[in-house]
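S.K.: Sharing structure10.csv here; it has CSV, C-alpha atoms.
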```csv
chain,number,residue,atom,x,y,z
Y,1,MET,CA,-26.3,-20.6,-62.2
Y,2,LYS,CA,-23.2,-19.1,-63.8
Y,3,ARG,CA,-21.2,-21.7,-61.9
Y,4,LEU,CA,-23.4,-24.4,-63.4
Y,5,LYS,CA,-22.7,-23.2,-66.9
Y,6,LYS,CA,-18.9,-23.2,-66.3
Y,7,LEU,CA,-19.0,-26.6,-64.7
Y,8,LEU,CA,-21.0,-28.1,-67.6
Y,9,ALA,CA,-18.7,-26.5,-70.1
Y,10,GLY,CA,-15.7,-27.9,-68.3
Y,11,LEU,CA,-17.2,-31.4,-68.1
Y,12,CYS,CA,-18.1,-31.3,-71.8
Y,13,MET,CA,-14.6,-30.3,-72.7
Y,14,ALA,CA,-13.2,-33.2,-70.6
Y,15,ALA,CA,-15.4,-35.5,-72.6
Y,16,LEU,CA,-14.3,-34.0,-75.9
Y,17,VAL,CA,-10.6,-34.4,-75.0
Y,18,VAL,CA,-11.1,-38.1,-74.3
Y,19,LEU,CA,-12.9,-38.7,-77.5
Y,20,THR,CA,-10.6,-36.7,-79.7
Y,21,ALA,CA,-7.4,-38.1,-78.1
Y,22,ALA,CA,-8.5,-41.6,-78.9
Y,23,GLY,CA,-9.5,-40.7,-82.5
Y,24,CYS,CA,-6.3,-41.9,-84.2
Y,25,GLY,CA,-5.7,-45.2,-86.0
Y,26,SER,CA,-7.3,-47.6,-88.5
Y,27,ASP,CA,-10.8,-47.5,-89.8
Y,28,LYS,CA,-13.4,-48.5,-87.2
Y,29,PRO,CA,-11.1,-50.5,-84.9
Y,30,TYR,CA,-13.9,-51.1,-82.3
Y,31,LYS,CA,-17.0,-53.2,-82.7
Y,32,THR,CA,-18.8,-51.7,-79.7
Y,33,VAL,CA,-18.8,-48.7,-77.4
Y,34,GLN,CA,-17.7,-51.0,-74.6
Y,35,ASP,CA,-14.7,-52.1,-76.7
Y,36,TYR,CA,-13.8,-48.5,-77.2
Y,37,LEU,CA,-14.1,-47.7,-73.4
Y,38,ASP,CA,-12.0,-50.8,-72.5
Y,39,ASP,CA,-9.2,-49.9,-74.9
Y,40,ASN,CA,-9.2,-46.3,-73.7
Y,41,SER,CA,-9.6,-46.9,-70.0
Y,42,ASP,CA,-6.7,-44.7,-68.9
Y,43,ASP,CA,-8.1,-41.8,-70.8
Y,44,MET,CA,-11.5,-42.4,-69.4
Y,45,LYS,CA,-10.1,-42.5,-65.8
Y,46,ALA,CA,-8.2,-39.2,-66.5
Y,47,ALA,CA,-11.4,-37.5,-67.6
Y,48,GLU,CA,-13.3,-38.8,-64.5
Y,49,GLU,CA,-10.4,-37.5,-62.4
Y,50,ALA,CA,-10.7,-34.1,-64.0
Y,51,THR,CA,-13.9,-33.5,-62.1
Y,52,LYS,CA,-12.1,-33.6,-58.7
Y,53,GLY,CA,-12.6,-30.3,-56.9
Y,54,THR,CA,-15.6,-29.2,-59.0
Y,55,GLY,CA,-18.2,-30.4,-56.6
Y,56,MET,CA,-19.2,-33.1,-59.0
Y,57,THR,CA,-18.1,-36.6,-59.9
Y,58,MET,CA,-18.2,-38.1,-63.4
Y,59,LYS,CA,-18.5,-41.8,-64.5
Y,60,ILE,CA,-18.1,-42.8,-68.1
Y,61,THR,CA,-19.9,-46.0,-69.1
Y,62,ALA,CA,-21.3,-47.8,-72.1
Y,63,ASP,CA,-24.9,-49.1,-72.5
Y,64,GLY,CA,-25.4,-50.7,-75.9
Y,65,SER,CA,-24.7,-48.0,-78.5
Y,66,LYS,CA,-24.5,-45.2,-75.9
Y,67,LEU,CA,-21.4,-43.6,-74.5
Y,68,ILE,CA,-22.7,-42.3,-71.2
Y,69,TYR,CA,-21.3,-39.5,-69.0
Y,70,THR,CA,-23.0,-39.5,-65.7
Y,71,VAL,CA,-22.2,-36.5,-63.6
Y,72,GLN,CA,-23.3,-36.4,-60.0
Y,73,TYR,CA,-23.3,-33.4,-57.6
Y,74,GLU,CA,-21.5,-34.0,-54.3
Y,75,THR,CA,-23.8,-31.6,-52.5
Y,76,GLN,CA,-27.6,-31.8,-52.8
Y,77,LEU,CA,-29.1,-29.1,-55.0
Y,78,PRO,CA,-32.3,-27.7,-53.6
Y,79,VAL,CA,-34.8,-28.6,-56.3
Y,80,ASP,CA,-38.6,-28.1,-55.9
Y,81,GLU,CA,-41.6,-27.0,-57.9
Y,82,THR,CA,-40.5,-23.3,-57.8
Y,83,ASN,CA,-37.1,-23.8,-59.4
Y,84,LYS,CA,-37.1,-27.0,-61.3
Y,85,ASP,CA,-38.0,-25.4,-64.7
Y,86,ALA,CA,-35.4,-22.7,-64.2
Y,87,LEU,CA,-32.8,-25.4,-63.4
Y,88,LYS,CA,-33.8,-27.4,-66.5
Y,89,GLY,CA,-33.4,-24.3,-68.6
Y,90,GLU,CA,-29.9,-23.7,-67.3
Y,91,PHE,CA,-28.9,-27.3,-68.2
Y,92,GLU,CA,-30.5,-26.9,-71.6
Y,93,THR,CA,-28.7,-23.6,-72.3
Y,94,ALA,CA,-25.3,-25.0,-71.2
Y,95,MET,CA,-25.7,-28.1,-73.3
Y,96,GLU,CA,-26.9,-26.1,-76.3
Y,97,GLY,CA,-23.7,-24.0,-76.1
Y,98,GLN,CA,-21.7,-27.2,-76.5
Y,99,ARG,CA,-23.9,-29.0,-79.0
Y,100,SER,CA,-21.9,-28.3,-82.2
Y,101,SER,CA,-18.7,-29.5,-80.4
Y,102,LEU,CA,-20.4,-32.6,-79.1
Y,103,GLU,CA,-21.9,-33.4,-82.6
Y,104,SER,CA,-18.4,-33.1,-84.1
Y,105,THR,CA,-17.1,-35.4,-81.4
Y,106,LEU,CA,-19.8,-37.9,-82.0
Y,107,ASP,CA,-18.9,-37.9,-85.7
Y,108,GLU,CA,-15.3,-38.7,-84.7
Y,109,LEU,CA,-16.5,-41.5,-82.4
Y,110,LYS,CA,-18.6,-43.0,-85.2
Y,111,LYS,CA,-15.4,-43.3,-87.2
Y,112,GLN,CA,-14.0,-45.5,-84.5
Y,113,ILE,CA,-16.9,-47.8,-83.8
Y,114,GLU,CA,-18.7,-50.2,-86.2
Y,115,ASP,CA,-22.1,-49.7,-84.5
Y,116,GLU,CA,-23.8,-47.0,-86.6
Y,117,ASN,CA,-26.2,-46.1,-83.8
Y,118,VAL,CA,-23.6,-44.7,-81.5
Y,119,SER,CA,-24.8,-41.7,-79.4
Y,120,ILE,CA,-23.4,-39.7,-76.4
Y,121,VAL,CA,-25.5,-39.2,-73.3
Y,122,PHE,CA,-24.9,-36.7,-70.6
Y,123,SER,CA,-26.9,-37.3,-67.4
Y,124,TYR,CA,-26.8,-35.1,-64.4
Y,125,LEU,CA,-27.7,-36.4,-61.0
Y,126,ASN,CA,-28.4,-34.7,-57.7
Y,127,ALA,CA,-26.3,-35.9,-54.7
Y,128,ASP,CA,-29.2,-38.3,-53.7
Y,129,GLY,CA,-29.1,-39.9,-57.2
Y,130,THR,CA,-32.2,-38.1,-58.5
Y,131,LEU,CA,-32.0,-37.4,-62.2
Y,132,LEU,CA,-31.8,-33.6,-62.8
Y,133,TYR,CA,-31.3,-33.6,-66.5
Y,134,SER,CA,-30.3,-35.8,-69.4
Y,135,ASP,CA,-29.5,-35.1,-73.0
Y,136,GLU,CA,-28.6,-37.5,-75.8
Y,137,ILE,CA,-26.6,-36.4,-78.8
Y,138,LYS,CA,-27.4,-38.6,-81.8
```
Reformat the file's structure so that it appears as structure tokens.

M.R.:
Amino acid sequence: MKRLKKLLAGLCMAALVVLTAAGCGSDKPYKTVQDYLDDNSDDMKAAEEATKGTGMTMKITADGSKLIYTVQYETQLPVDETNKDALKGEFETAMEGQRSSLESTLDELKKQIEDENVSIVFSYLNADGTLLYSDEIK
């Protein structure tokens, strides 16, 4: 579980770097989250590449007002009734440790995008595509 916390922190930091690196320029230059992603596609690809060798892959997409980071394990995690609550707790603890940084990053993102309902979503999938955990920062 310590490895999970380190990986989650690393992925959150990769997301923060992308958002803060693109935070320069005129007032609200983007109408939508998709416009933002399109204009910063090289940075997004670099963030996705940063997960290589971690045992996970990351995809960055837009869905309406949401900037979505989908992280998928490459190897199936054994999840059953005996450990699913503990695993959820590990994800919650790791995300909570990054919450203030993510909220600051969201504030910066809102300065770039006209849509006032922008949020950041982190979704974690098992190797088979099963949702393990998701959290939305609003």

S.K.: Please list as an mmCIF file with C-alpha atoms, in the coordinates of the input every residue within 9 Å of Val79 of chain Y, counting all atoms listed in the file and excluding residues in the same chain fewer than 4 positions away.

M.R.:
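The resulting part.cif:
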```cif
data_model
loop_
_atom_site.group_PDB
_atom_site.id
_atom_site.type_symbol
_atom_site.label_atom_id
_atom_site.label_comp_id
_atom_site.auth_asym_id
_atom_site.auth_seq_id
_atom_site.Cartn_x
_atom_site.Cartn_y
_atom_site.Cartn_z
ATOM 1 C CA ASN Y 83 -37.100 -23.800 -59.400
ATOM 2 C CA LYS Y 84 -37.100 -27.000 -61.300
ATOM 3 C CA LEU Y 87 -32.800 -25.400 -63.400
ATOM 4 C CA ASN Y 126 -28.400 -34.700 -57.700
ATOM 5 C CA LEU Y 132 -31.800 -33.600 -62.800
#
```

S.K.: Quick one: distance from atom CA of Val121 of chain Y to atom CA of Glu74 of chain Y in Å, one decimal?

M.R.: 20.1 Å

S.K.: To one decimal place, how far is atom CA of Thr130 of chain Y from atom CA of Gln76 of chain Y in Å?

M.R.: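 These two atoms are separated by 9.7 Å.
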
S.K.: Looking at Y:Lys59, Y:Lys138, Y:Lys52, Y:Lys31, which one is nearest to Ser100 of chain Y, with distances taken over all atoms listed in the file?

M.R.: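 Under the stated criterion, the closest residue is Y:Lys138.
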
S.K.: Calculate how many Å separate atom CA of Val71 of chain Y from atom CA of Gly55 of chain Y, rounding to one decimal.

M.R.: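 It comes out at 10.1 Å.
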
S.K.: Could you pull the residues within 7 Å of Gln112 of chain Y, counting all atoms listed in the file, minus those fewer than 4 positions along the same chain, as JSON, numbers by chain?

M.R.: {"Y": [23, 27, 28, 29, 30, 108]}

S.K.: The selected residues should be written to file as a short mmCIF file (atom, residue, chain, number, x, y, z; two decimals), in the frame of the given file (atoms: C-alpha atoms).

M.R.:
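Done, and the output landed in out-v5.cif:
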```cif
data_model
loop_
_atom_site.label_atom_id
_atom_site.label_comp_id
_atom_site.auth_asym_id
_atom_site.auth_seq_id
_atom_site.Cartn_x
_atom_site.Cartn_y
_atom_site.Cartn_z
CA GLY Y 23 -9.50 -40.70 -82.50
CA ASP Y 27 -10.80 -47.50 -89.80
CA LYS Y 28 -13.40 -48.50 -87.20
CA PRO Y 29 -11.10 -50.50 -84.90
CA TYR Y 30 -13.90 -51.10 -82.30
CA GLU Y 108 -15.30 -38.70 -84.70
#
```

S.K.: Have a look at Y:Thr70, Y:Ser134, Y:Thr75, Y:Ser41 and name the one nearest to Gly89 of chain Y; count all atoms listed in the file.

M.R.: Y:Ser134

S.K.: Name the residues in contact with Tyr73 of chain Y at a cut-off of 8 Å, using all atoms listed in the file, excluding same-chain residues fewer than 4 positions from it; report them as a PDB file with C-alpha atoms, in the frame of the given file.

M.R.:
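Dumped everything to out20.pdb:
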```pdb
ATOM      1  CA  GLY Y  55     -18.200 -30.400 -56.600  1.00  0.00           C
ATOM      2  CA  MET Y  56     -19.200 -33.100 -59.000  1.00  0.00           C
ATOM      3  CA  THR Y  57     -18.100 -36.600 -59.900  1.00  0.00           C
ATOM      4  CA  LEU Y  77     -29.100 -29.100 -55.000  1.00  0.00           C
ATOM      5  CA  TYR Y 124     -26.800 -35.100 -64.400  1.00  0.00           C
ATOM      6  CA  LEU Y 125     -27.700 -36.400 -61.000  1.00  0.00           C
ATOM      7  CA  ASN Y 126     -28.400 -34.700 -57.700  1.00  0.00           C
ATOM      8  CA  ALA Y 127     -26.300 -35.900 -54.700  1.00  0.00           C
TER       9      ALA Y 127
END
```

S.K.: With distances taken over only C-alpha atoms, which residue among Y:Glu49, Y:Asp43, Y:Asp135, Y:Asp35 lies nearest Arg99 of chain Y?

M.R.: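 Result for the nearest residue to Arg99 of chain Y: Y:Asp135.
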
S.K.: From the list Y:Glu90, Y:Asp128, Y:Ile60, Y:Thr54, which residue is nearest Asn40 of chain Y when using all atoms listed in the file?

M.R.: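 For Asn40 of chain Y, the nearest of the candidates is Y:Ile60.
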
S.K.: Rank nothing, just name the residue among Y:Met44, Y:Ile137, Y:Leu102, Y:Met58 nearest to Gln72 of chain Y, using all atoms listed in the file.

M.R.: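 Checking each of Y:Met44, Y:Ile137, Y:Leu102, Y:Met58 against Gln72 of chain Y, counting all atoms listed in the file, the winner is Y:Met58.
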
S.K.: Please determine, counting all atoms listed in the file, which residue among Y:Glu136, Y:Thr61, Y:Ala46, Y:Ser119 has the shortest atom-to-atom distance to Leu106 of chain Y.

M.R.: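 Comparing Y:Glu136, Y:Thr61, Y:Ala46, Y:Ser119 against Leu106 of chain Y, the winner is Y:Ser119.
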